[in-house]
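The data block below is upload-v6.cif; it holds mmCIF, C-alpha atoms.
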data_upload
loop_
_atom_site.group_PDB
_atom_site.id
_atom_site.type_symbol
_atom_site.label_atom_id
_atom_site.label_comp_id
_atom_site.auth_asym_id
_atom_site.auth_seq_id
_atom_site.Cartn_x
_atom_site.Cartn_y
_atom_site.Cartn_z
ATOM 1 C CA MET N 1 70.807 76.620 83.637
ATOM 2 C CA ARG N 2 67.822 78.420 85.165
ATOM 3 C CA LYS N 3 68.089 81.037 87.858
ATOM 4 C CA PRO N 4 66.609 79.996 91.188
ATOM 5 C CA ARG N 5 63.293 81.681 91.902
ATOM 6 C CA PRO N 6 62.820 83.481 95.188
ATOM 7 C CA ASN N 7 60.319 81.837 97.494
ATOM 8 C CA SER N 8 56.921 83.370 96.987
ATOM 9 C CA TYR N 9 53.412 82.222 97.756
ATOM 10 C CA ASN N 10 51.162 80.773 95.099
ATOM 11 C CA PRO N 11 48.514 83.294 93.942
ATOM 12 C CA ALA N 12 45.699 81.948 96.147
ATOM 13 C CA GLN N 13 47.870 82.022 99.271
ATOM 14 C CA ALA N 14 49.130 85.526 98.472
ATOM 15 C CA LEU N 15 45.605 86.884 97.946
ATOM 16 C CA HIS N 16 44.422 85.375 101.236
ATOM 17 C CA LEU N 17 47.410 86.828 103.111
ATOM 18 C CA ILE N 18 47.010 90.288 101.533
ATOM 19 C CA THR N 19 43.267 90.341 102.229
ATOM 20 C CA SER N 20 43.852 89.368 105.860
ATOM 21 C CA ASP N 21 46.481 92.100 106.208
ATOM 22 C CA ARG N 22 44.213 94.769 104.724
ATOM 23 C CA GLN N 23 41.441 93.758 107.150
ATOM 24 C CA GLY N 24 43.834 93.943 110.106
ATOM 25 C CA ALA N 25 43.539 90.253 110.998
ATOM 26 C CA ALA N 26 46.336 88.311 112.702
ATOM 27 C CA LEU N 27 48.750 86.931 110.113
ATOM 28 C CA SER N 28 50.384 83.513 109.904
ATOM 29 C CA CYS N 29 52.134 81.801 107.025
ATOM 30 C CA PRO N 30 49.740 79.659 104.931
ATOM 31 C CA SER N 31 52.604 77.238 104.157
ATOM 32 C CA CYS N 32 54.289 76.638 107.527
ATOM 33 C CA SER N 33 52.128 78.570 110.072
ATOM 34 C CA GLY N 34 55.109 80.777 110.965
ATOM 35 C CA LYS N 35 54.982 84.428 112.001
ATOM 36 C CA ILE N 36 54.659 87.094 109.312
ATOM 37 C CA LYS N 37 56.915 90.153 109.349
ATOM 38 C CA ARG N 38 55.371 93.229 107.750
ATOM 39 C CA ASP N 39 57.445 95.969 106.111
ATOM 40 C CA PRO N 40 56.682 98.812 106.704
ATOM 41 C CA ASN N 41 55.514 97.950 110.203
ATOM 42 C CA LYS N 42 53.216 100.991 110.285
ATOM 43 C CA ALA N 43 49.506 100.109 110.157
ATOM 44 C CA PRO N 44 47.785 101.385 108.113
ATOM 45 C CA PRO N 45 50.611 102.074 105.683
ATOM 46 C CA PRO N 46 50.836 105.359 103.782
ATOM 47 C CA PRO N 47 48.721 105.401 100.595
ATOM 48 C CA LEU N 48 50.376 103.891 97.510
ATOM 49 C CA SER N 49 53.337 102.502 99.490
ATOM 50 C CA HIS N 50 54.747 99.042 98.835
ATOM 51 C CA VAL N 51 54.010 96.512 101.588
ATOM 52 C CA THR N 52 56.001 93.286 101.907
ATOM 53 C CA LEU N 53 54.782 90.367 103.998
ATOM 54 C CA THR N 54 57.567 87.866 104.770
ATOM 55 C CA CYS N 55 57.446 84.627 106.759
ATOM 56 C CA THR N 56 60.158 84.491 109.431
ATOM 57 C CA ASN N 57 60.376 80.656 109.197
ATOM 58 C CA CYS N 58 60.331 79.708 105.509
ATOM 59 C CA GLY N 59 61.160 83.084 103.923
ATOM 60 C CA ARG N 60 58.213 83.163 101.513
ATOM 61 C CA PHE N 61 56.876 86.600 100.714
ATOM 62 C CA ALA N 62 53.983 88.512 99.165
ATOM 63 C CA ARG N 63 53.997 92.147 98.046
ATOM 64 C CA TYR N 64 51.198 94.600 97.394
ATOM 65 C CA ILE N 65 50.572 98.337 97.041
ATOM 66 C CA ALA N 66 48.603 99.842 99.907
ATOM 67 C CA GLY N 67 45.484 101.746 98.954
ATOM 68 C CA ALA N 68 45.346 100.287 95.445
ATOM 69 C CA ALA N 69 41.997 98.866 94.276
#

Output the file's structure in the form of structure tokens.
Amino acid sequence: MRKPRPNSYNPAQALHLITSDRQGAALSCPSCSGKIKRDPNKAPPPPLSHVTLTCTNCGRFARYIAGAA
């Protein structure tokens, strides 16, 4: 039996969400249009810190490293 996968965005959705976050645009879930919770909430985040973007409705998430690339 396979382990259930955590809900995550497909690569195109994740890249769009991460790009919007880095540009400081308002965020909404590409799947359900729900609100996005950002952890850490500090903007801009400290360099090389892990940022998690999670939808409060469907629970999907995307992660990236701030200041990378």

Surrounding residues of Thr54 (chain N) excluding itself and chain neighbours under 4 positions, 6 Å, only C-alpha atoms, as JSON, numbers by chain
{"N": [36, 37, 60, 61]}

Keeping only C-alpha atoms, take the residues you just selected and write them out as a PDB file, in the frame of the given file.
ATOM      1  CA  ILE N  36      54.659  87.094 109.312  1.00  0.00           C
ATOM      2  CA  LYS N  37      56.915  90.153 109.349  1.00  0.00           C
ATOM      3  CA  ARG N  60      58.213  83.163 101.513  1.00  0.00           C
ATOM      4  CA  PHE N  61      56.876  86.600 100.714  1.00  0.00           C
TER       5      PHE N  61
END

At a cut-off of 6 Å from (53.3, 92.4, 101.4) in the coordinates of the file, what residues are picked up using all atoms listed in the file, written as a list in words?
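Residues found, by chain and rising number: Val51, Thr52, Leu53, Ala62, Arg63 and Tyr64 of chain N.
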
Once the PyMOL selection byres ((chain N and resi 13-25) around 9) is applied to the coordinates I shared, what remains selected? I want it as an MDAnalysis selection string.
chainID N and resid 8:12 26:31 43:44 53 61:64 66

Could you work out how far CA of Gly59 (chain N) lies from CA of Gly34 (chain N), giving the answer in Å with one decimal?
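Separation between CA of Gly34 (chain N) and CA of Gly59 (chain N): 9.6 Å.
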
One decimal, Å: what's the distance from CA of Asn57 (chain N) over to CA of Pro40 (chain N), could you say?
18.7 Å

One decimal place gives the CA of Ile65 (chain N)-CA of Cys32 (chain N) separation as 24.4 Å

Listed atoms of region 41-45 of chain N boxed axis-aligned with 8 Å per side, centre + edges as JSON:
{"center_x": 51.6, "center_y": 100.0, "center_z": 108.0, "size_x": 23.7, "size_y": 20.1, "size_z": 20.6}
